[in-house]
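Data file: upload.cif. Format and content: mmCIF, C-alpha atoms; chains and numbers go by the auth columns.
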data_input
#
loop_
_atom_site.group_PDB
_atom_site.id
_atom_site.type_symbol
_atom_site.label_atom_id
_atom_site.label_comp_id
_atom_site.label_asym_id
_atom_site.label_seq_id
_atom_site.Cartn_x
_atom_site.Cartn_y
_atom_site.Cartn_z
_atom_site.B_iso_or_equiv
_atom_site.auth_seq_id
_atom_site.auth_asym_id
ATOM 1 C CA MET A 1 -62.707 17.867 49.416 0.00 1 A
ATOM 2 C CA PRO A 2 -61.127 14.868 51.195 0.00 2 A
ATOM 3 C CA LEU A 3 -63.395 12.053 52.357 0.00 3 A
ATOM 4 C CA LEU A 4 -62.909 10.684 55.872 0.00 4 A
ATOM 5 C CA LEU A 5 -63.061 6.894 55.421 0.00 5 A
ATOM 6 C CA TYR A 6 -62.012 5.837 58.921 0.00 6 A
ATOM 7 C CA SER A 7 -61.216 7.403 62.290 0.00 7 A
ATOM 8 C CA SER A 8 -60.522 5.816 65.665 0.00 8 A
ATOM 9 C CA GLY A 9 -58.228 7.102 68.379 0.00 9 A
ATOM 10 C CA THR A 10 -55.071 8.472 66.766 0.00 10 A
ATOM 11 C CA VAL A 11 -55.679 6.775 63.378 0.00 11 A
ATOM 12 C CA SER A 12 -57.527 8.328 60.420 0.00 12 A
ATOM 13 C CA VAL A 13 -57.843 7.518 56.721 0.00 13 A
ATOM 14 C CA TYR A 14 -58.676 10.202 54.171 0.00 14 A
ATOM 15 C CA ALA A 15 -59.218 9.820 50.438 0.00 15 A
ATOM 16 C CA LEU A 16 -59.798 11.771 47.251 0.00 16 A
ATOM 17 C CA GLU A 17 -61.468 10.320 44.218 0.00 17 A
ATOM 18 C CA VAL A 18 -59.535 10.466 40.955 0.00 18 A
ATOM 19 C CA ALA A 19 -61.322 11.099 37.650 0.00 19 A
ATOM 20 C CA PRO A 20 -61.024 8.373 35.008 0.00 20 A
ATOM 21 C CA ALA A 21 -58.301 9.059 32.445 0.00 21 A
ATOM 22 C CA PRO A 22 -57.954 7.898 28.830 0.00 22 A
ATOM 23 C CA THR A 23 -54.279 6.900 29.158 0.00 23 A
ATOM 24 C CA ARG A 24 -52.068 5.390 31.838 0.00 24 A
ATOM 25 C CA ALA A 25 -49.802 8.464 31.769 0.00 25 A
ATOM 26 C CA GLU A 26 -52.773 10.793 32.277 0.00 26 A
ATOM 27 C CA SER A 27 -54.065 8.545 35.089 0.00 27 A
ATOM 28 C CA ARG A 28 -50.703 8.768 36.888 0.00 28 A
ATOM 29 C CA ARG A 29 -50.668 12.560 36.454 0.00 29 A
ATOM 30 C CA LEU A 30 -54.169 12.842 37.942 0.00 30 A
ATOM 31 C CA GLN A 31 -53.200 10.548 40.835 0.00 31 A
ATOM 32 C CA GLN A 32 -50.125 12.679 41.619 0.00 32 A
ATOM 33 C CA GLN A 33 -52.231 15.846 41.484 0.00 33 A
ATOM 34 C CA ALA A 34 -54.844 14.304 43.814 0.00 34 A
ATOM 35 C CA ARG A 35 -52.070 13.099 46.153 0.00 35 A
ATOM 36 C CA ALA A 36 -50.673 16.639 46.447 0.00 36 A
ATOM 37 C CA GLU A 37 -54.162 18.079 47.065 0.00 37 A
ATOM 38 C CA LEU A 38 -55.008 15.429 49.662 0.00 38 A
ATOM 39 C CA LEU A 39 -51.760 15.821 51.616 0.00 39 A
ATOM 40 C CA ALA A 40 -52.042 19.629 51.591 0.00 40 A
ATOM 41 C CA ALA A 41 -55.620 19.399 52.896 0.00 41 A
ATOM 42 C CA VAL A 42 -55.125 16.841 55.690 0.00 42 A
ATOM 43 C CA LEU A 43 -51.508 17.598 56.699 0.00 43 A
ATOM 44 C CA PRO A 44 -51.183 21.384 56.332 0.00 44 A
ATOM 45 C CA GLY A 45 -47.796 22.724 57.341 0.00 45 A
ATOM 46 C CA TYR A 46 -46.002 19.400 57.007 0.00 46 A
ATOM 47 C CA ILE A 47 -43.426 18.545 54.388 0.00 47 A
ATOM 48 C CA ILE A 48 -43.716 15.016 53.021 0.00 48 A
ATOM 49 C CA SER A 49 -40.399 13.397 52.196 0.00 49 A
ATOM 50 C CA HIS A 50 -39.324 9.766 51.873 0.00 50 A
ATOM 51 C CA THR A 51 -36.955 7.402 53.641 0.00 51 A
ATOM 52 C CA PRO A 52 -34.216 5.711 51.587 0.00 52 A
ATOM 53 C CA GLU A 53 -36.595 2.720 51.315 0.00 53 A
ATOM 54 C CA GLY A 54 -39.306 4.951 49.843 0.00 54 A
ATOM 55 C CA ALA A 55 -41.669 5.201 52.838 0.00 55 A
ATOM 56 C CA PRO A 56 -43.319 8.628 53.213 0.00 56 A
ATOM 57 C CA ILE A 57 -42.518 10.627 56.344 0.00 57 A
ATOM 58 C CA CYS A 58 -43.761 13.912 57.782 0.00 58 A
ATOM 59 C CA THR A 59 -41.337 16.670 58.675 0.00 59 A
ATOM 60 C CA LEU A 60 -41.809 20.263 59.693 0.00 60 A
ATOM 61 C CA PRO A 61 -40.124 23.189 57.964 0.00 61 A
ATOM 62 C CA ASP A 62 -38.234 24.176 61.140 0.00 62 A
ATOM 63 C CA SER A 63 -37.414 20.482 61.891 0.00 63 A
ATOM 64 C CA GLY A 64 -37.328 21.339 65.578 0.00 64 A
ATOM 65 C CA ALA A 65 -40.040 18.873 66.567 0.00 65 A
ATOM 66 C CA ALA A 66 -38.984 15.508 67.902 0.00 66 A
ATOM 67 C CA ALA A 67 -39.463 12.733 65.333 0.00 67 A
ATOM 68 C CA SER A 68 -41.569 10.741 67.805 0.00 68 A
ATOM 69 C CA ARG A 69 -44.103 13.584 67.945 0.00 69 A
ATOM 70 C CA LEU A 70 -44.662 13.767 64.202 0.00 70 A
ATOM 71 C CA PRO A 71 -47.531 11.823 62.662 0.00 71 A
ATOM 72 C CA SER A 72 -46.701 8.703 60.701 0.00 72 A
ATOM 73 C CA ILE A 73 -48.365 8.246 57.317 0.00 73 A
ATOM 74 C CA SER A 74 -48.936 5.676 54.622 0.00 74 A
ATOM 75 C CA ILE A 75 -50.018 6.727 51.142 0.00 75 A
ATOM 76 C CA THR A 76 -51.703 4.603 48.494 0.00 76 A
ATOM 77 C CA HIS A 77 -53.207 5.227 45.096 0.00 77 A
ATOM 78 C CA CYS A 78 -54.993 3.361 42.350 0.00 78 A
ATOM 79 C CA PRO A 79 -56.668 4.609 39.161 0.00 79 A
ATOM 80 C CA THR A 80 -59.805 5.851 40.964 0.00 80 A
ATOM 81 C CA LEU A 81 -58.612 6.832 44.446 0.00 81 A
ATOM 82 C CA VAL A 82 -55.727 8.343 46.405 0.00 82 A
ATOM 83 C CA ALA A 83 -55.705 7.768 50.164 0.00 83 A
ATOM 84 C CA VAL A 84 -53.542 8.546 53.176 0.00 84 A
ATOM 85 C CA ALA A 85 -53.563 6.887 56.595 0.00 85 A
ATOM 86 C CA ILE A 86 -52.351 9.046 59.466 0.00 86 A
ATOM 87 C CA ASP A 87 -51.406 8.022 62.989 0.00 87 A
ATOM 88 C CA THR A 88 -50.945 11.204 64.999 0.00 88 A
ATOM 89 C CA SER A 89 -49.076 9.276 67.724 0.00 89 A
ATOM 90 C CA GLY A 90 -46.250 8.539 65.290 0.00 90 A
ATOM 91 C CA ARG A 91 -46.672 4.750 65.412 0.00 91 A
ATOM 92 C CA ALA A 92 -46.073 2.981 62.094 0.00 92 A
ATOM 93 C CA ILE A 93 -49.062 2.495 59.837 0.00 93 A
ATOM 94 C CA GLY A 94 -49.727 0.782 56.496 0.00 94 A
ATOM 95 C CA LEU A 95 -52.430 1.363 53.876 0.00 95 A
ATOM 96 C CA ASP A 96 -53.066 -0.123 50.456 0.00 96 A
ATOM 97 C CA ALA A 97 -55.925 0.231 47.974 0.00 97 A
ATOM 98 C CA GLU A 98 -56.878 -1.638 44.818 0.00 98 A
ATOM 99 C CA PRO A 99 -59.941 -1.591 42.594 0.00 99 A
ATOM 100 C CA LEU A 100 -62.034 -4.759 42.803 0.00 100 A
ATOM 101 C CA SER A 101 -61.823 -4.961 39.006 0.00 101 A
ATOM 102 C CA ARG A 102 -58.154 -5.977 39.287 0.00 102 A
ATOM 103 C CA ALA A 103 -58.971 -9.558 40.383 0.00 103 A
ATOM 104 C CA ALA A 104 -58.134 -11.143 36.998 0.00 104 A
ATOM 105 C CA GLN A 105 -54.590 -9.746 37.242 0.00 105 A
ATOM 106 C CA LEU A 106 -54.305 -10.925 40.841 0.00 106 A
ATOM 107 C CA ARG A 107 -55.361 -14.481 39.883 0.00 107 A
ATOM 108 C CA ARG A 108 -52.449 -14.620 37.416 0.00 108 A
ATOM 109 C CA VAL A 109 -49.869 -13.629 40.050 0.00 109 A
ATOM 110 C CA LEU A 110 -51.357 -15.466 43.040 0.00 110 A
ATOM 111 C CA PRO A 111 -48.171 -17.492 43.835 0.00 111 A
ATOM 112 C CA LYS A 112 -46.111 -14.288 43.875 0.00 112 A
ATOM 113 C CA PHE A 113 -48.001 -12.828 46.835 0.00 113 A
ATOM 114 C CA LEU A 114 -49.527 -15.848 48.594 0.00 114 A
ATOM 115 C CA SER A 115 -47.846 -19.007 49.855 0.00 115 A
ATOM 116 C CA ASP A 116 -49.264 -22.394 48.800 0.00 116 A
ATOM 117 C CA LYS A 117 -50.788 -22.759 52.273 0.00 117 A
ATOM 118 C CA GLN A 118 -52.421 -19.319 52.058 0.00 118 A
ATOM 119 C CA ILE A 119 -53.813 -20.061 48.586 0.00 119 A
ATOM 120 C CA SER A 120 -55.379 -23.304 49.812 0.00 120 A
ATOM 121 C CA SER A 121 -56.910 -21.501 52.814 0.00 121 A
ATOM 122 C CA LEU A 122 -58.771 -18.924 50.699 0.00 122 A
ATOM 123 C CA PRO A 123 -62.534 -19.457 50.826 0.00 123 A
ATOM 124 C CA ASP A 124 -62.805 -18.594 47.114 0.00 124 A
ATOM 125 C CA ARG A 125 -61.010 -16.834 44.274 0.00 125 A
ATOM 126 C CA GLU A 126 -63.560 -14.053 43.935 0.00 126 A
ATOM 127 C CA SER A 127 -62.470 -10.473 43.389 0.00 127 A
ATOM 128 C CA ALA A 128 -63.147 -9.263 46.945 0.00 128 A
ATOM 129 C CA THR A 129 -61.184 -12.149 48.491 0.00 129 A
ATOM 130 C CA LEU A 130 -58.172 -11.730 46.205 0.00 130 A
ATOM 131 C CA THR A 131 -58.162 -7.945 46.505 0.00 131 A
ATOM 132 C CA ALA A 132 -58.399 -8.179 50.305 0.00 132 A
ATOM 133 C CA ALA A 133 -55.455 -10.613 50.380 0.00 133 A
ATOM 134 C CA TRP A 134 -53.339 -8.389 48.116 0.00 134 A
ATOM 135 C CA THR A 135 -54.063 -5.163 49.991 0.00 135 A
ATOM 136 C CA ALA A 136 -53.480 -6.866 53.358 0.00 136 A
ATOM 137 C CA LYS A 137 -50.032 -8.040 52.255 0.00 137 A
ATOM 138 C CA GLU A 138 -49.095 -4.656 50.762 0.00 138 A
ATOM 139 C CA ALA A 139 -50.295 -2.717 53.826 0.00 139 A
ATOM 140 C CA LEU A 140 -48.449 -5.052 56.200 0.00 140 A
ATOM 141 C CA TYR A 141 -45.283 -4.757 54.122 0.00 141 A
ATOM 142 C CA LYS A 142 -45.522 -0.953 54.291 0.00 142 A
ATOM 143 C CA LEU A 143 -46.067 -0.974 58.063 0.00 143 A
ATOM 144 C CA LEU A 144 -43.255 -3.450 58.802 0.00 144 A
ATOM 145 C CA SER A 145 -40.859 -1.598 56.500 0.00 145 A
ATOM 146 C CA ALA A 146 -41.659 1.785 58.044 0.00 146 A
ATOM 147 C CA SER A 147 -41.318 0.468 61.598 0.00 147 A
ATOM 148 C CA GLY A 148 -38.054 -1.386 60.996 0.00 148 A
ATOM 149 C CA ASP A 149 -39.720 -4.616 62.144 0.00 149 A
ATOM 150 C CA PRO A 150 -37.393 -7.584 61.512 0.00 150 A
ATOM 151 C CA ARG A 151 -40.340 -9.658 60.219 0.00 151 A
ATOM 152 C CA VAL A 152 -40.402 -7.668 56.974 0.00 152 A
ATOM 153 C CA SER A 153 -39.596 -9.891 54.021 0.00 153 A
ATOM 154 C CA PRO A 154 -38.690 -9.012 50.439 0.00 154 A
ATOM 155 C CA SER A 155 -41.311 -11.542 49.296 0.00 155 A
ATOM 156 C CA LEU A 156 -44.992 -10.800 49.885 0.00 156 A
ATOM 157 C CA ALA A 157 -45.680 -14.551 49.905 0.00 157 A
ATOM 158 C CA ASP A 158 -43.630 -14.840 53.127 0.00 158 A
ATOM 159 C CA LEU A 159 -45.827 -12.373 54.997 0.00 159 A
ATOM 160 C CA PRO A 160 -48.899 -13.544 56.929 0.00 160 A
ATOM 161 C CA LEU A 161 -52.403 -12.791 55.656 0.00 161 A
ATOM 162 C CA THR A 162 -53.385 -11.373 59.039 0.00 162 A
ATOM 163 C CA PRO A 163 -51.083 -8.985 60.883 0.00 163 A
ATOM 164 C CA PRO A 164 -49.200 -10.370 63.902 0.00 164 A
ATOM 165 C CA LEU A 165 -49.629 -8.703 67.278 0.00 165 A
ATOM 166 C CA PRO A 166 -49.298 -5.862 68.190 0.00 166 A
ATOM 167 C CA TYR A 167 -50.876 -4.937 64.840 0.00 167 A
ATOM 168 C CA ALA A 168 -54.519 -4.958 63.767 0.00 168 A
ATOM 169 C CA SER A 169 -56.271 -4.413 60.457 0.00 169 A
ATOM 170 C CA ARG A 170 -59.454 -2.846 59.130 0.00 170 A
ATOM 171 C CA LEU A 171 -60.978 -3.495 55.728 0.00 171 A
ATOM 172 C CA LEU A 172 -62.485 -0.360 54.174 0.00 172 A
ATOM 173 C CA THR A 173 -64.374 0.160 50.931 0.00 173 A
ATOM 174 C CA HIS A 174 -65.166 3.147 48.800 0.00 174 A
ATOM 175 C CA ALA A 175 -67.104 2.770 45.539 0.00 175 A
ATOM 176 C CA ASP A 176 -65.345 -0.058 43.627 0.00 176 A
ATOM 177 C CA THR A 177 -62.129 0.167 45.669 0.00 177 A
ATOM 178 C CA LEU A 178 -61.075 -1.975 48.603 0.00 178 A
ATOM 179 C CA LEU A 179 -58.563 -0.640 51.145 0.00 179 A
ATOM 180 C CA THR A 180 -56.726 -2.409 53.955 0.00 180 A
ATOM 181 C CA LEU A 181 -55.439 -0.399 56.909 0.00 181 A
ATOM 182 C CA ILE A 182 -52.919 -1.938 59.326 0.00 182 A
ATOM 183 C CA PHE A 183 -51.973 -0.102 62.501 0.00 183 A
ATOM 184 C CA THR A 184 -50.410 -0.647 65.922 0.00 184 A
ATOM 185 C CA LEU A 185 -52.758 -1.609 68.726 0.00 185 A
ATOM 186 C CA THR A 186 -52.527 0.393 71.918 0.00 186 A
ATOM 187 C CA PRO A 187 -53.736 -0.725 75.360 0.00 187 A
ATOM 188 C CA ASN A 188 -56.721 1.661 75.207 0.00 188 A
ATOM 189 C CA TYR A 189 -57.707 0.926 71.574 0.00 189 A
ATOM 190 C CA GLN A 190 -61.463 0.893 71.012 0.00 190 A
#
So, in terms of C-alpha cells, how does the structure I just supplied come out?
Amino acid sequence: MPLLLYSSGTVSVYALEVAPAPTRAESRRLQQQARAELLAAVLPGYIISHTPEGAPICTLPDSGAAASRLPSISITHCPTLVAVAIDTSGRAIGLDAEPLSRAAQLRRVLPKFLSDKQISSLPDRESATLTAAWTAKEALYKLLSASGDPRVSPSLADLPLTPPLPYASRLLTHADTLLTLIFTLTPNYQ
C-alpha cells in the first residue's frame, strides 16, 4: 500500500518501502518491482515512458489527451524506498531520495556536487546536511531537465543549493531516508 508523504494543491508524493536485500542485484530487482507496484497504484490507466533524456512521462493508451493536461512525474529510488512525485497540473517536478547512511560516500565526492562556495557555506558535514544538499541538487536537476529550463547544467556543482524562482522545495523524511521535492510555485500556492 503506497504511503502519502506529501500533498498540497496539485502536488503529491507517494512512496513504497523496499525490503532489505542481500545483494545489490536483488536490491535493484526489488526496487524495480516496488516502482511498478507504486506507479500502478497511484497512476492507474497511465503508461509511463521516458523522454530521450531519461525523464519519466505519463501518457494515455489512446494518446488523445493534450500533453499539457497529463500529470508530470518524477521518480526516485534508493535501497529502502521508491517514491514518485506527481503534479496533476502538468508543471515540471523533481524528486530525489537518499538514505541518511550514505553520508560517508557523499563526503568523498563533495566537490563533484557542490561548488567551493557551497561547501564553505554548509553549517556542518553531518549526514542530514550532506544528504539534503545532494537530494536538493538531484531534484533540481530533474526538474530543470524535464522543464527544458536553460539553467540546467551537466555539472551538479553548477546548480544552486536552493531552487531559483519560480520553484520551491520541501524536505521530507521517511524512516532513515531523506527526500527533497522541488516544484513550480503557482500564484495561489499554500
Do a neighbour search on Gln33 (chain A) at 10 Å with all atoms listed in the file, toss out local chain neighbours closer than 5 positions, and write the hits as a short mmCIF file (atom, residue, chain, number, x, y, z; two decimals) with C-alpha atoms, in the coordinates of the input.
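Output file around06.cif follows:
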data_model
loop_
_atom_site.label_atom_id
_atom_site.label_comp_id
_atom_site.auth_asym_id
_atom_site.auth_seq_id
_atom_site.Cartn_x
_atom_site.Cartn_y
_atom_site.Cartn_z
CA VAL A 18 -59.54 10.47 40.96
CA SER A 27 -54.06 8.54 35.09
CA ARG A 28 -50.70 8.77 36.89
CA LEU A 38 -55.01 15.43 49.66
CA VAL A 82 -55.73 8.34 46.40
#
May I have the residues at most 10 Å from (-43.1, -2.9, 59.3) in the file's coordinates, counting all atoms listed in the file, as a PDB file with C-alpha atoms, in the frame of the given file?
ATOM      1  CA  ALA A  92     -46.073   2.981  62.094  1.00  0.00           C
ATOM      2  CA  ILE A  93     -49.062   2.495  59.837  1.00  0.00           C
ATOM      3  CA  GLY A  94     -49.727   0.782  56.496  1.00  0.00           C
ATOM      4  CA  ALA A 139     -50.295  -2.717  53.826  1.00  0.00           C
ATOM      5  CA  LEU A 140     -48.449  -5.052  56.200  1.00  0.00           C
ATOM      6  CA  TYR A 141     -45.283  -4.757  54.122  1.00  0.00           C
ATOM      7  CA  LYS A 142     -45.522  -0.953  54.291  1.00  0.00           C
ATOM      8  CA  LEU A 143     -46.067  -0.974  58.063  1.00  0.00           C
ATOM      9  CA  LEU A 144     -43.255  -3.450  58.802  1.00  0.00           C
ATOM     10  CA  SER A 145     -40.859  -1.598  56.500  1.00  0.00           C
ATOM     11  CA  ALA A 146     -41.659   1.785  58.044  1.00  0.00           C
ATOM     12  CA  SER A 147     -41.318   0.468  61.598  1.00  0.00           C
ATOM     13  CA  GLY A 148     -38.054  -1.386  60.996  1.00  0.00           C
ATOM     14  CA  ASP A 149     -39.720  -4.616  62.144  1.00  0.00           C
ATOM     15  CA  PRO A 150     -37.393  -7.584  61.512  1.00  0.00           C
ATOM     16  CA  ARG A 151     -40.340  -9.658  60.219  1.00  0.00           C
ATOM     17  CA  VAL A 152     -40.402  -7.668  56.974  1.00  0.00           C
ATOM     18  CA  SER A 153     -39.596  -9.891  54.021  1.00  0.00           C
ATOM     19  CA  TYR A 167     -50.876  -4.937  64.840  1.00  0.00           C
ATOM     20  CA  ILE A 182     -52.919  -1.938  59.326  1.00  0.00           C
ATOM     21  CA  PHE A 183     -51.973  -0.102  62.501  1.00  0.00           C
TER      22      PHE A 183
END
Enclose region 100-104 of chain A, meaning all of its atoms listed in the file, in a box aligned along x, y and z, pad it by 3 Å on each side, and list the centre and edge lengths in Å to one decimal, as AutoDock Vina command-line options.
--center_x -60.1 --center_y -8.0 --center_z 39.9 --size_x 9.9 --size_y 12.4 --size_z 11.8
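Going from CA of Ala15 (chain A) over to CA of Ala36 (chain A), you cover 11.6 Å.
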- Item | Result set of the PyMOL selection byres ((chain A and resi 157) around 8) on the coordinates above, as a VMD selection string | chain A and resid 111 to 115 155 to 156 158 to 160
